[in-house]
Each structure stands twice: as structure tokens, then as C-alpha cells.
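Okay, run_14.cif is below, mmCIF, C-alpha atoms:
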```cif
data_protein
loop_
_atom_site.group_PDB
_atom_site.id
_atom_site.type_symbol
_atom_site.label_atom_id
_atom_site.label_comp_id
_atom_site.auth_asym_id
_atom_site.auth_seq_id
_atom_site.Cartn_x
_atom_site.Cartn_y
_atom_site.Cartn_z
ATOM 1 C CA MET A 1 154.511 2.673 -137.439
ATOM 2 C CA THR A 2 156.553 -0.375 -138.367
ATOM 3 C CA ARG A 3 159.090 -1.948 -136.059
ATOM 4 C CA ALA A 4 162.635 -2.002 -137.308
ATOM 5 C CA LEU A 5 163.816 -5.519 -138.068
ATOM 6 C CA THR A 6 167.332 -6.815 -137.732
ATOM 7 C CA ARG A 7 168.837 -9.767 -139.536
ATOM 8 C CA TYR A 8 169.872 -12.511 -137.109
ATOM 9 C CA ARG A 9 171.750 -15.748 -137.746
ATOM 10 C CA VAL A 10 170.535 -18.529 -135.477
ATOM 11 C CA ALA A 11 172.416 -21.840 -135.283
ATOM 12 C CA VAL A 12 170.563 -24.939 -134.113
ATOM 13 C CA HIS A 13 171.837 -28.402 -133.204
ATOM 14 C CA ILE A 14 169.513 -31.335 -133.668
ATOM 15 C CA LEU A 15 170.737 -34.654 -132.305
ATOM 16 C CA PRO A 16 169.184 -38.079 -131.791
ATOM 17 C CA ARG A 17 167.946 -38.380 -128.213
ATOM 18 C CA ARG A 18 170.236 -40.375 -125.936
ATOM 19 C CA GLY A 19 168.934 -43.917 -125.938
ATOM 20 C CA VAL A 20 167.581 -43.681 -129.483
ATOM 21 C CA LEU A 21 169.439 -45.856 -131.967
ATOM 22 C CA ASP A 22 171.894 -43.844 -134.069
ATOM 23 C CA PRO A 23 172.845 -46.233 -136.887
ATOM 24 C CA GLN A 24 174.626 -43.496 -138.846
ATOM 25 C CA GLY A 25 176.793 -42.721 -135.816
ATOM 26 C CA HIS A 26 177.636 -46.385 -135.319
ATOM 27 C CA ALA A 27 178.580 -46.760 -138.978
ATOM 28 C CA VAL A 28 180.874 -43.730 -138.806
ATOM 29 C CA ALA A 29 182.491 -44.971 -135.566
ATOM 30 C CA ASP A 30 183.198 -48.334 -137.251
ATOM 31 C CA ALA A 31 184.641 -46.591 -140.307
ATOM 32 C CA LEU A 32 186.891 -44.429 -138.096
ATOM 33 C CA HIS A 33 188.188 -47.545 -136.325
ATOM 34 C CA THR A 34 188.939 -49.120 -139.709
ATOM 35 C CA LEU A 35 190.927 -45.997 -140.619
ATOM 36 C CA GLY A 36 193.016 -46.417 -137.468
ATOM 37 C CA PHE A 37 191.358 -43.897 -135.146
ATOM 38 C CA ASP A 38 191.437 -46.293 -132.199
ATOM 39 C CA GLY A 39 190.615 -43.655 -129.595
ATOM 40 C CA VAL A 40 187.062 -43.182 -130.882
ATOM 41 C CA ARG A 41 184.492 -44.424 -128.368
ATOM 42 C CA ASP A 42 181.223 -43.099 -129.689
ATOM 43 C CA VAL A 43 179.878 -40.941 -132.509
ATOM 44 C CA HIS A 44 176.550 -39.138 -132.680
ATOM 45 C CA ILE A 45 175.383 -37.539 -135.878
ATOM 46 C CA GLY A 46 172.744 -34.892 -136.098
ATOM 47 C CA ARG A 47 172.004 -31.772 -138.080
ATOM 48 C CA HIS A 48 173.461 -28.296 -137.839
ATOM 49 C CA ILE A 49 170.954 -25.799 -139.184
ATOM 50 C CA VAL A 50 171.680 -22.105 -139.685
ATOM 51 C CA VAL A 51 168.639 -19.870 -140.124
ATOM 52 C CA ASP A 52 169.032 -16.266 -141.260
ATOM 53 C CA ALA A 53 165.894 -14.432 -140.253
ATOM 54 C CA ASP A 54 164.637 -10.881 -139.736
ATOM 55 C CA ALA A 55 163.300 -10.209 -136.251
ATOM 56 C CA ALA A 56 162.673 -7.290 -133.926
ATOM 57 C CA SER A 57 165.091 -8.599 -131.280
ATOM 58 C CA SER A 58 167.341 -11.547 -130.594
ATOM 59 C CA GLU A 59 164.692 -12.856 -128.177
ATOM 60 C CA ASP A 60 162.112 -12.757 -130.964
ATOM 61 C CA ALA A 61 164.567 -14.554 -133.257
ATOM 62 C CA ARG A 62 165.166 -17.238 -130.632
ATOM 63 C CA ALA A 63 161.433 -17.746 -130.034
ATOM 64 C CA SER A 64 160.758 -17.921 -133.746
ATOM 65 C CA VAL A 65 163.471 -20.514 -134.389
ATOM 66 C CA ARG A 66 162.288 -22.518 -131.383
ATOM 67 C CA ALA A 67 158.820 -22.629 -132.985
ATOM 68 C CA MET A 68 160.398 -23.694 -136.319
ATOM 69 C CA CYS A 69 162.155 -26.572 -134.550
ATOM 70 C CA GLU A 70 158.955 -27.692 -132.858
ATOM 71 C CA ARG A 71 156.850 -27.473 -136.008
ATOM 72 C CA LEU A 72 159.230 -28.590 -138.755
ATOM 73 C CA LEU A 73 162.941 -28.930 -138.140
ATOM 74 C CA ALA A 74 163.134 -31.527 -135.352
ATOM 75 C CA ASN A 75 161.207 -34.706 -134.700
ATOM 76 C CA PRO A 76 160.479 -34.509 -130.963
ATOM 77 C CA VAL A 77 159.884 -38.252 -130.677
ATOM 78 C CA ILE A 78 163.467 -39.132 -131.514
ATOM 79 C CA GLU A 79 165.422 -35.863 -131.549
ATOM 80 C CA ASP A 80 166.507 -33.131 -129.163
ATOM 81 C CA PHE A 81 167.301 -29.644 -130.352
ATOM 82 C CA GLU A 82 169.185 -26.762 -128.820
ATOM 83 C CA ILE A 83 169.699 -23.237 -130.036
ATOM 84 C CA ALA A 84 173.476 -22.978 -130.106
ATOM 85 C CA ALA A 85 174.124 -19.375 -131.049
ATOM 86 C CA ILE A 86 172.413 -16.178 -132.130
ATOM 87 C CA THR A 87 174.504 -13.559 -133.914
ATOM 88 C CA HIS A 88 173.886 -10.592 -136.156
ATOM 89 C CA ALA A 89 173.974 -11.873 -139.731
ATOM 90 C CA MET B 1 205.076 -46.494 -119.477
ATOM 91 C CA THR B 2 201.675 -45.690 -120.952
ATOM 92 C CA ARG B 3 200.278 -42.198 -121.196
ATOM 93 C CA ALA B 4 197.072 -41.570 -119.322
ATOM 94 C CA LEU B 5 194.177 -40.962 -121.679
ATOM 95 C CA THR B 6 191.205 -38.750 -121.023
ATOM 96 C CA ARG B 7 187.792 -38.987 -122.625
ATOM 97 C CA TYR B 8 186.967 -35.885 -124.674
ATOM 98 C CA ARG B 9 183.770 -34.901 -126.440
ATOM 99 C CA VAL B 10 184.465 -32.987 -129.645
ATOM 100 C CA ALA B 11 181.642 -31.284 -131.543
ATOM 101 C CA VAL B 12 182.084 -30.564 -135.245
ATOM 102 C CA HIS B 13 179.973 -28.491 -137.635
ATOM 103 C CA ILE B 14 180.021 -29.436 -141.292
ATOM 104 C CA LEU B 15 178.249 -27.041 -143.642
ATOM 105 C CA PRO B 16 177.977 -26.669 -147.407
ATOM 106 C CA ARG B 17 180.548 -24.137 -148.585
ATOM 107 C CA ARG B 18 179.129 -20.703 -149.327
ATOM 108 C CA GLY B 19 178.375 -20.638 -153.034
ATOM 109 C CA VAL B 20 177.654 -24.368 -153.210
ATOM 110 C CA LEU B 21 174.012 -25.178 -153.905
ATOM 111 C CA ASP B 22 172.159 -26.211 -150.760
ATOM 112 C CA PRO B 23 168.911 -27.716 -152.095
ATOM 113 C CA GLN B 24 167.951 -29.073 -148.667
ATOM 114 C CA GLY B 25 168.296 -25.601 -147.181
ATOM 115 C CA HIS B 26 166.186 -24.051 -149.951
ATOM 116 C CA ALA B 27 163.477 -26.685 -149.467
ATOM 117 C CA VAL B 28 163.358 -26.020 -145.729
ATOM 118 C CA ALA B 29 163.248 -22.245 -146.255
ATOM 119 C CA ASP B 30 160.294 -22.684 -148.622
ATOM 120 C CA ALA B 31 158.534 -24.951 -146.135
ATOM 121 C CA LEU B 32 159.063 -22.401 -143.338
ATOM 122 C CA HIS B 33 157.548 -19.651 -145.513
ATOM 123 C CA THR B 34 154.552 -21.906 -146.185
ATOM 124 C CA LEU B 35 154.136 -22.342 -142.430
ATOM 125 C CA GLY B 36 154.036 -18.562 -142.014
ATOM 126 C CA PHE B 37 157.603 -17.847 -140.872
ATOM 127 C CA ASP B 38 157.898 -14.825 -143.142
ATOM 128 C CA GLY B 39 161.078 -13.508 -141.519
ATOM 129 C CA VAL B 40 163.196 -16.385 -142.811
ATOM 130 C CA ARG B 41 165.725 -15.198 -145.376
ATOM 131 C CA ASP B 42 168.043 -18.159 -145.787
ATOM 132 C CA VAL B 43 168.595 -21.635 -144.383
ATOM 133 C CA HIS B 44 171.757 -23.724 -144.488
ATOM 134 C CA ILE B 45 171.732 -27.332 -143.439
ATOM 135 C CA GLY B 46 174.780 -29.293 -142.475
ATOM 136 C CA ARG B 47 175.782 -31.953 -140.015
ATOM 137 C CA HIS B 48 176.519 -31.720 -136.325
ATOM 138 C CA ILE B 49 178.832 -34.558 -135.338
ATOM 139 C CA VAL B 50 179.811 -35.357 -131.761
ATOM 140 C CA VAL B 51 182.838 -37.616 -131.344
ATOM 141 C CA ASP B 52 183.698 -39.116 -127.960
ATOM 142 C CA ALA B 53 187.343 -40.094 -128.067
ATOM 143 C CA ASP B 54 190.190 -40.947 -125.718
ATOM 144 C CA ALA B 55 193.238 -38.735 -126.114
ATOM 145 C CA ALA B 56 196.259 -37.607 -124.132
ATOM 146 C CA SER B 57 195.250 -33.943 -124.260
ATOM 147 C CA SER B 58 192.585 -31.692 -125.694
ATOM 148 C CA GLU B 59 195.080 -30.625 -128.365
ATOM 149 C CA ASP B 60 195.556 -34.272 -129.360
ATOM 150 C CA ALA B 61 191.781 -34.715 -129.448
ATOM 151 C CA ARG B 62 191.421 -31.640 -131.673
ATOM 152 C CA ALA B 63 194.156 -32.804 -134.062
ATOM 153 C CA SER B 64 192.657 -36.279 -134.240
ATOM 154 C CA VAL B 65 189.148 -35.029 -135.026
ATOM 155 C CA ARG B 66 190.566 -32.619 -137.598
ATOM 156 C CA ALA B 67 192.195 -35.621 -139.318
ATOM 157 C CA MET B 68 188.881 -37.518 -139.150
ATOM 158 C CA CYS B 69 187.134 -34.607 -140.876
ATOM 159 C CA GLU B 70 189.753 -34.452 -143.594
ATOM 160 C CA ARG B 71 189.763 -38.208 -144.212
ATOM 161 C CA LEU B 72 186.138 -39.219 -143.715
ATOM 162 C CA LEU B 73 183.623 -36.848 -142.168
ATOM 163 C CA ALA B 74 183.670 -33.873 -144.536
ATOM 164 C CA ASN B 75 183.848 -33.615 -148.303
ATOM 165 C CA PRO B 76 186.363 -30.796 -148.835
ATOM 166 C CA VAL B 77 185.153 -30.121 -152.369
ATOM 167 C CA ILE B 78 181.735 -28.943 -151.227
ATOM 168 C CA GLU B 79 181.879 -28.679 -147.435
ATOM 169 C CA ASP B 80 183.604 -26.662 -144.736
ATOM 170 C CA PHE B 81 184.089 -27.979 -141.242
ATOM 171 C CA GLU B 82 184.888 -26.324 -137.961
ATOM 172 C CA ILE B 83 185.592 -27.808 -134.575
ATOM 173 C CA ALA B 84 182.969 -26.112 -132.441
ATOM 174 C CA ALA B 85 183.736 -27.322 -128.927
ATOM 175 C CA ILE B 86 185.938 -29.692 -126.962
ATOM 176 C CA THR B 87 184.786 -30.744 -123.501
ATOM 177 C CA HIS B 88 185.477 -33.543 -121.075
ATOM 178 C CA ALA B 89 183.014 -36.331 -121.829
#
```

Let's see the structure in the file written out as C-alpha cells.
Amino acid sequence: MTRALTRYRVAVHILPRRGVLDPQGHAVADALHTLGFDGVRDVHIGRHIVVDADAASSEDARASVRAMCERLLANPVIEDFEIAAITHA
Amino acid sequence: MTRALTRYRVAVHILPRRGVLDPQGHAVADALHTLGFDGVRDVHIGRHIVVDADAASSEDARASVRAMCERLLANPVIEDFEIAAITHA
């Protein structure tokens, strides 16, 4: 007997850890000031990754994407990740 | 009289438009298959940008970040953006 699989869409945010230098964010904040966006105080730039995957349940999909983050998608020394959303794809 | 400003944290997702080649996403999907994540069907990689900005209201903060996306943060030819969340910083 095979388990029925469902297609899930899992969104992940990966951001530089607080305290880690974020040169890209600083550069963008400076550029926004130059464009006249004076209200900008800070910018952090990370990755938004959307994984479409087949899994038996949304909990399985979450666990699988968590393992992907730990093994490939995020660098735990300098980055934090969070699973932002799980929806049916 | 000056208007009181509040610090808002605005999160933005910027993703390649559907139909635009996403070579980074394909490379990551292939790497995940190599690692044994056989359930992965598709991967899209974009940017997750967090802007801390002072604004008079959350609507002002949203409008300001939308203008930032249109003028600097996103490339409208190949990317879509969405304002994912606005919170008090």
C-alpha cells in the first residue's frame, strides 16, 4: 500500500542573524536615503525560498523543508531561517 | 507642528515572475534531489527584505515601501513583489 501524497508549497525566510554584518542591507539603506526615503532606519536582506514538494501531510512537509534548510538552504553560522507558510500548492 | 512618527517593520517578498527562468531555483532543486529529497517538485528563490522605517501610519509605511520596491528593490521586468507584513518595530 502506498501513502497518498499531497503537493504542498512551503515558504521559507532566511535572514542574516542579528549582529552579523549585512553589507547588502547597508548598501540598500544608503541607496534609499539617496533616493529621498529619509524615514528608512535599517534594511535587512535575506532570501525568500518557495519549495513545492509532495508529502504525506503538512507536518511531513514542514519537517522535510526544515531538514533542507539545515542541510543546504541556510548557513547556520550566519543565518537564521523560519518556515513562514505552508499551503496546498 | 510635527507629526509623530512611529517605527514600522515592513517585510517584502520579491520573487521571479512565473514564466521567467529561475536558474538558481533549478540548481537548488537539483541539489535537493541529490541529497535525497525526492519529494521536491519545484523551487523558487527570491529575496526577503525587511525595512525598518519611521512613518506617520502603517498605511504611509506601506505606500513608502511600495515606492521603494518600484524604484529600487524590485526589477519589474522579471520580478514580482508583495508586501508580506507590517508590524511595529

Could you tell me, as an NGL selection string, exactly which residues end up selected when the PyMOL selection byres ((chain A and resi 65-70) around 10) is applied to this structure? (:A and (10-14 or 49-53 or 59-64 or 71-76 or 80-83)) or (:B and (32 or 35-37 or 40))

Once chain A is superposed on chain B with a least-squares fit on all C-alpha pairs taken in order, can you show it as a PDB file with C-alpha atoms, in the coordinates of the input?
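Output file superposed-v3.pdb follows:
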```pdb
ATOM      1  CA  MET A   1     205.081 -46.448-119.421  1.00  0.00           C
ATOM      2  CA  THR A   2     201.692 -45.677-120.919  1.00  0.00           C
ATOM      3  CA  ARG A   3     200.291 -42.184-121.180  1.00  0.00           C
ATOM      4  CA  ALA A   4     197.085 -41.557-119.320  1.00  0.00           C
ATOM      5  CA  LEU A   5     194.176 -40.960-121.671  1.00  0.00           C
ATOM      6  CA  THR A   6     191.204 -38.746-121.028  1.00  0.00           C
ATOM      7  CA  ARG A   7     187.802 -39.000-122.640  1.00  0.00           C
ATOM      8  CA  TYR A   8     186.983 -35.891-124.677  1.00  0.00           C
ATOM      9  CA  ARG A   9     183.770 -34.911-126.445  1.00  0.00           C
ATOM     10  CA  VAL A  10     184.469 -33.001-129.642  1.00  0.00           C
ATOM     11  CA  ALA A  11     181.640 -31.293-131.544  1.00  0.00           C
ATOM     12  CA  VAL A  12     182.090 -30.566-135.242  1.00  0.00           C
ATOM     13  CA  HIS A  13     179.987 -28.504-137.644  1.00  0.00           C
ATOM     14  CA  ILE A  14     180.025 -29.435-141.297  1.00  0.00           C
ATOM     15  CA  LEU A  15     178.256 -27.036-143.640  1.00  0.00           C
ATOM     16  CA  PRO A  16     178.002 -26.666-147.409  1.00  0.00           C
ATOM     17  CA  ARG A  17     180.563 -24.128-148.604  1.00  0.00           C
ATOM     18  CA  ARG A  18     179.123 -20.696-149.349  1.00  0.00           C
ATOM     19  CA  GLY A  19     178.371 -20.626-153.047  1.00  0.00           C
ATOM     20  CA  VAL A  20     177.658 -24.356-153.225  1.00  0.00           C
ATOM     21  CA  LEU A  21     174.028 -25.177-153.933  1.00  0.00           C
ATOM     22  CA  ASP A  22     172.156 -26.204-150.781  1.00  0.00           C
ATOM     23  CA  PRO A  23     168.906 -27.702-152.104  1.00  0.00           C
ATOM     24  CA  GLN A  24     167.936 -29.068-148.685  1.00  0.00           C
ATOM     25  CA  GLY A  25     168.285 -25.590-147.182  1.00  0.00           C
ATOM     26  CA  HIS A  26     166.187 -24.047-149.939  1.00  0.00           C
ATOM     27  CA  ALA A  27     163.474 -26.662-149.466  1.00  0.00           C
ATOM     28  CA  VAL A  28     163.356 -26.015-145.720  1.00  0.00           C
ATOM     29  CA  ALA A  29     163.246 -22.224-146.243  1.00  0.00           C
ATOM     30  CA  ASP A  30     160.283 -22.676-148.623  1.00  0.00           C
ATOM     31  CA  ALA A  31     158.526 -24.951-146.132  1.00  0.00           C
ATOM     32  CA  LEU A  32     159.060 -22.406-143.328  1.00  0.00           C
ATOM     33  CA  HIS A  33     157.543 -19.662-145.495  1.00  0.00           C
ATOM     34  CA  THR A  34     154.537 -21.899-146.172  1.00  0.00           C
ATOM     35  CA  LEU A  35     154.134 -22.343-142.408  1.00  0.00           C
ATOM     36  CA  GLY A  36     154.031 -18.564-141.980  1.00  0.00           C
ATOM     37  CA  PHE A  37     157.600 -17.854-140.861  1.00  0.00           C
ATOM     38  CA  ASP A  38     157.897 -14.822-143.129  1.00  0.00           C
ATOM     39  CA  GLY A  39     161.064 -13.495-141.509  1.00  0.00           C
ATOM     40  CA  VAL A  40     163.189 -16.382-142.795  1.00  0.00           C
ATOM     41  CA  ARG A  41     165.719 -15.206-145.380  1.00  0.00           C
ATOM     42  CA  ASP A  42     168.029 -18.154-145.788  1.00  0.00           C
ATOM     43  CA  VAL A  43     168.592 -21.633-144.377  1.00  0.00           C
ATOM     44  CA  HIS A  44     171.755 -23.716-144.504  1.00  0.00           C
ATOM     45  CA  ILE A  45     171.733 -27.326-143.449  1.00  0.00           C
ATOM     46  CA  GLY A  46     174.778 -29.287-142.499  1.00  0.00           C
ATOM     47  CA  ARG A  47     175.790 -31.948-140.028  1.00  0.00           C
ATOM     48  CA  HIS A  48     176.520 -31.727-136.329  1.00  0.00           C
ATOM     49  CA  ILE A  49     178.828 -34.561-135.344  1.00  0.00           C
ATOM     50  CA  VAL A  50     179.810 -35.366-131.765  1.00  0.00           C
ATOM     51  CA  VAL A  51     182.837 -37.626-131.353  1.00  0.00           C
ATOM     52  CA  ASP A  52     183.694 -39.117-127.965  1.00  0.00           C
ATOM     53  CA  ALA A  53     187.332 -40.105-128.071  1.00  0.00           C
ATOM     54  CA  ASP A  54     190.188 -40.953-125.708  1.00  0.00           C
ATOM     55  CA  ALA A  55     193.236 -38.732-126.111  1.00  0.00           C
ATOM     56  CA  ALA A  56     196.255 -37.606-124.127  1.00  0.00           C
ATOM     57  CA  SER A  57     195.236 -33.931-124.251  1.00  0.00           C
ATOM     58  CA  SER A  58     192.564 -31.696-125.697  1.00  0.00           C
ATOM     59  CA  GLU A  59     195.070 -30.629-128.371  1.00  0.00           C
ATOM     60  CA  ASP A  60     195.558 -34.266-129.355  1.00  0.00           C
ATOM     61  CA  ALA A  61     191.775 -34.713-129.453  1.00  0.00           C
ATOM     62  CA  ARG A  62     191.398 -31.653-131.677  1.00  0.00           C
ATOM     63  CA  ALA A  63     194.142 -32.818-134.057  1.00  0.00           C
ATOM     64  CA  SER A  64     192.661 -36.288-134.230  1.00  0.00           C
ATOM     65  CA  VAL A  65     189.152 -35.042-135.021  1.00  0.00           C
ATOM     66  CA  ARG A  66     190.572 -32.636-137.599  1.00  0.00           C
ATOM     67  CA  ALA A  67     192.198 -35.638-139.315  1.00  0.00           C
ATOM     68  CA  MET A  68     188.867 -37.539-139.140  1.00  0.00           C
ATOM     69  CA  CYS A  69     187.131 -34.623-140.869  1.00  0.00           C
ATOM     70  CA  GLU A  70     189.755 -34.477-143.599  1.00  0.00           C
ATOM     71  CA  ARG A  71     189.775 -38.223-144.207  1.00  0.00           C
ATOM     72  CA  LEU A  72     186.140 -39.228-143.721  1.00  0.00           C
ATOM     73  CA  LEU A  73     183.624 -36.868-142.183  1.00  0.00           C
ATOM     74  CA  ALA A  74     183.662 -33.878-144.552  1.00  0.00           C
ATOM     75  CA  ASN A  75     183.864 -33.615-148.312  1.00  0.00           C
ATOM     76  CA  PRO A  76     186.376 -30.796-148.835  1.00  0.00           C
ATOM     77  CA  VAL A  77     185.167 -30.103-152.371  1.00  0.00           C
ATOM     78  CA  ILE A  78     181.749 -28.943-151.236  1.00  0.00           C
ATOM     79  CA  GLU A  79     181.883 -28.681-147.438  1.00  0.00           C
ATOM     80  CA  ASP A  80     183.614 -26.652-144.751  1.00  0.00           C
ATOM     81  CA  PHE A  81     184.101 -27.975-141.256  1.00  0.00           C
ATOM     82  CA  GLU A  82     184.896 -26.327-137.961  1.00  0.00           C
ATOM     83  CA  ILE A  83     185.588 -27.813-134.573  1.00  0.00           C
ATOM     84  CA  ALA A  84     182.962 -26.126-132.429  1.00  0.00           C
ATOM     85  CA  ALA A  85     183.734 -27.330-128.929  1.00  0.00           C
ATOM     86  CA  ILE A  86     185.937 -29.696-126.962  1.00  0.00           C
ATOM     87  CA  THR A  87     184.776 -30.742-123.502  1.00  0.00           C
ATOM     88  CA  HIS A  88     185.496 -33.538-121.078  1.00  0.00           C
ATOM     89  CA  ALA A  89     183.010 -36.311-121.823  1.00  0.00           C
TER      90      ALA A  89
END
```

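Atom pair atom CA of Arg18 of chain A / atom CA of Gln24 of chain B: separated by 25.5 Å.
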
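Under the PyMOL selection byres ((chain A and resi 20) around 12), the matching residues in the shown file are Leu15, Pro16, Arg17, Arg18, Gly19, Leu21, Asp22, Pro23, Gln24, Gly25, His26, His44, Ile45, Pro76, Val77, Ile78, Glu79 and Asp80 of chain A.
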
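Compared by their closest atoms to Leu5 of chain A, and using only C-alpha atoms, the residues A:Ala89, A:Ala29, A:Gly46, A:Ala55 rank with A:Ala55 nearest.
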
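Atom CA of Val28 of chain B lies 17.3 Å from atom CA of Tyr8 of chain A.
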
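Closest to Arg9 of chain B among B:His33, B:Arg41, B:His88, B:His48 is B:His88, based on all atoms listed in the file.
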
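The spacing separating atom CA of Ala85 of chain A from atom CA of Arg7 of chain B amounts to 25.3 Å.
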
When distances are computed from only C-alpha atoms, which of B:Thr34, B:Gly39, B:Ala27, B:Ala56 shows the smallest separation from Ala4 of chain B? B:Ala56

Padding 3 Å on every side, please: axis-aligned box over the listed atoms of segment 28-34 of chain B, centre and edge lengths to one decimal in Å, as AutoDock Vina command-line options.
```
--center_x 159.0 --center_y -22.8 --center_z -146.0 --size_x 14.8 --size_y 12.4 --size_z 11.3
```

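Among the candidate residues A:Asp38, A:Thr87, A:Asp54, A:Ala31, the one lying nearest to chain B is A:Asp54, with distances computed using only C-alpha atoms.
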
Can you fill out segment 11-19 of chain A with all heavy atoms and hand it back as an mmCIF file, in the frame of the given file?
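See out.cif below for the written result:
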```cif
data_model
loop_
_atom_site.group_PDB
_atom_site.id
_atom_site.type_symbol
_atom_site.label_atom_id
_atom_site.label_comp_id
_atom_site.auth_asym_id
_atom_site.auth_seq_id
_atom_site.Cartn_x
_atom_site.Cartn_y
_atom_site.Cartn_z
ATOM 1 N N ALA A 11 171.900 -20.484 -135.045
ATOM 2 C CA ALA A 11 172.416 -21.840 -135.283
ATOM 3 C C ALA A 11 171.729 -22.812 -134.337
ATOM 4 O O ALA A 11 171.589 -22.536 -133.142
ATOM 5 C CB ALA A 11 173.923 -21.880 -135.069
ATOM 6 N N VAL A 12 171.287 -23.932 -134.880
ATOM 7 C CA VAL A 12 170.563 -24.939 -134.113
ATOM 8 C C VAL A 12 171.259 -26.280 -134.270
ATOM 9 O O VAL A 12 171.709 -26.636 -135.364
ATOM 10 C CB VAL A 12 169.110 -25.077 -134.640
ATOM 11 C CG1 VAL A 12 168.338 -26.067 -133.792
ATOM 12 C CG2 VAL A 12 168.428 -23.743 -134.686
ATOM 13 N N HIS A 13 171.357 -27.014 -133.175
ATOM 14 C CA HIS A 13 171.837 -28.402 -133.204
ATOM 15 C C HIS A 13 170.651 -29.318 -132.993
ATOM 16 O O HIS A 13 169.885 -29.133 -132.047
ATOM 17 C CB HIS A 13 172.832 -28.669 -132.078
ATOM 18 C CG HIS A 13 174.084 -27.868 -132.177
ATOM 19 N ND1 HIS A 13 174.911 -27.658 -131.097
ATOM 20 C CD2 HIS A 13 174.642 -27.218 -133.215
ATOM 21 C CE1 HIS A 13 175.929 -26.922 -131.477
ATOM 22 N NE2 HIS A 13 175.802 -26.624 -132.753
ATOM 23 N N ILE A 14 170.538 -30.313 -133.837
ATOM 24 C CA ILE A 14 169.513 -31.335 -133.668
ATOM 25 C C ILE A 14 170.219 -32.676 -133.612
ATOM 26 O O ILE A 14 170.952 -33.041 -134.533
ATOM 27 C CB ILE A 14 168.492 -31.289 -134.819
ATOM 28 C CG1 ILE A 14 167.815 -29.921 -134.821
ATOM 29 C CG2 ILE A 14 167.474 -32.412 -134.686
ATOM 30 C CD1 ILE A 14 166.874 -29.697 -135.974
ATOM 31 N N LEU A 15 170.027 -33.376 -132.503
ATOM 32 C CA LEU A 15 170.737 -34.654 -132.305
ATOM 33 C C LEU A 15 169.732 -35.725 -131.919
ATOM 34 O O LEU A 15 168.703 -35.434 -131.279
ATOM 35 C CB LEU A 15 171.773 -34.523 -131.188
ATOM 36 C CG LEU A 15 173.142 -33.961 -131.589
ATOM 37 C CD1 LEU A 15 173.978 -33.681 -130.342
ATOM 38 C CD2 LEU A 15 173.895 -34.911 -132.509
ATOM 39 N N PRO A 16 170.028 -36.989 -132.272
ATOM 40 C CA PRO A 16 169.184 -38.079 -131.791
ATOM 41 C C PRO A 16 169.174 -38.066 -130.265
ATOM 42 O O PRO A 16 170.208 -37.823 -129.629
ATOM 43 C CB PRO A 16 169.856 -39.349 -132.323
ATOM 44 C CG PRO A 16 171.031 -38.930 -133.124
ATOM 45 C CD PRO A 16 171.176 -37.443 -133.060
ATOM 46 N N ARG A 17 168.000 -38.297 -129.667
ATOM 47 C CA ARG A 17 167.946 -38.380 -128.213
ATOM 48 C C ARG A 17 168.843 -39.509 -127.732
ATOM 49 O O ARG A 17 168.945 -40.552 -128.376
ATOM 50 C CB ARG A 17 166.518 -38.700 -127.751
ATOM 51 C CG ARG A 17 165.589 -37.528 -127.751
ATOM 52 C CD ARG A 17 164.179 -38.010 -127.387
ATOM 53 N NE ARG A 17 163.234 -36.913 -127.470
ATOM 54 C CZ ARG A 17 162.924 -36.129 -126.440
ATOM 55 N NH1 ARG A 17 163.455 -36.341 -125.250
ATOM 56 N NH2 ARG A 17 162.083 -35.137 -126.597
ATOM 57 N N ARG A 18 169.474 -39.295 -126.574
ATOM 58 C CA ARG A 18 170.236 -40.375 -125.936
ATOM 59 C C ARG A 18 169.305 -41.564 -125.739
ATOM 60 O O ARG A 18 168.173 -41.396 -125.283
ATOM 61 C CB ARG A 18 170.787 -39.917 -124.582
ATOM 62 C CG ARG A 18 171.747 -38.752 -124.663
ATOM 63 C CD ARG A 18 173.152 -39.198 -125.025
ATOM 64 N NE ARG A 18 173.850 -38.145 -125.775
ATOM 65 C CZ ARG A 18 175.124 -38.232 -126.133
ATOM 66 N NH1 ARG A 18 175.852 -39.284 -125.864
ATOM 67 N NH2 ARG A 18 175.696 -37.254 -126.825
ATOM 68 N N GLY A 19 169.761 -42.738 -126.084
ATOM 69 C CA GLY A 19 168.934 -43.917 -125.938
ATOM 70 C C GLY A 19 168.249 -44.324 -127.231
ATOM 71 O O GLY A 19 167.851 -45.468 -127.393
#
```
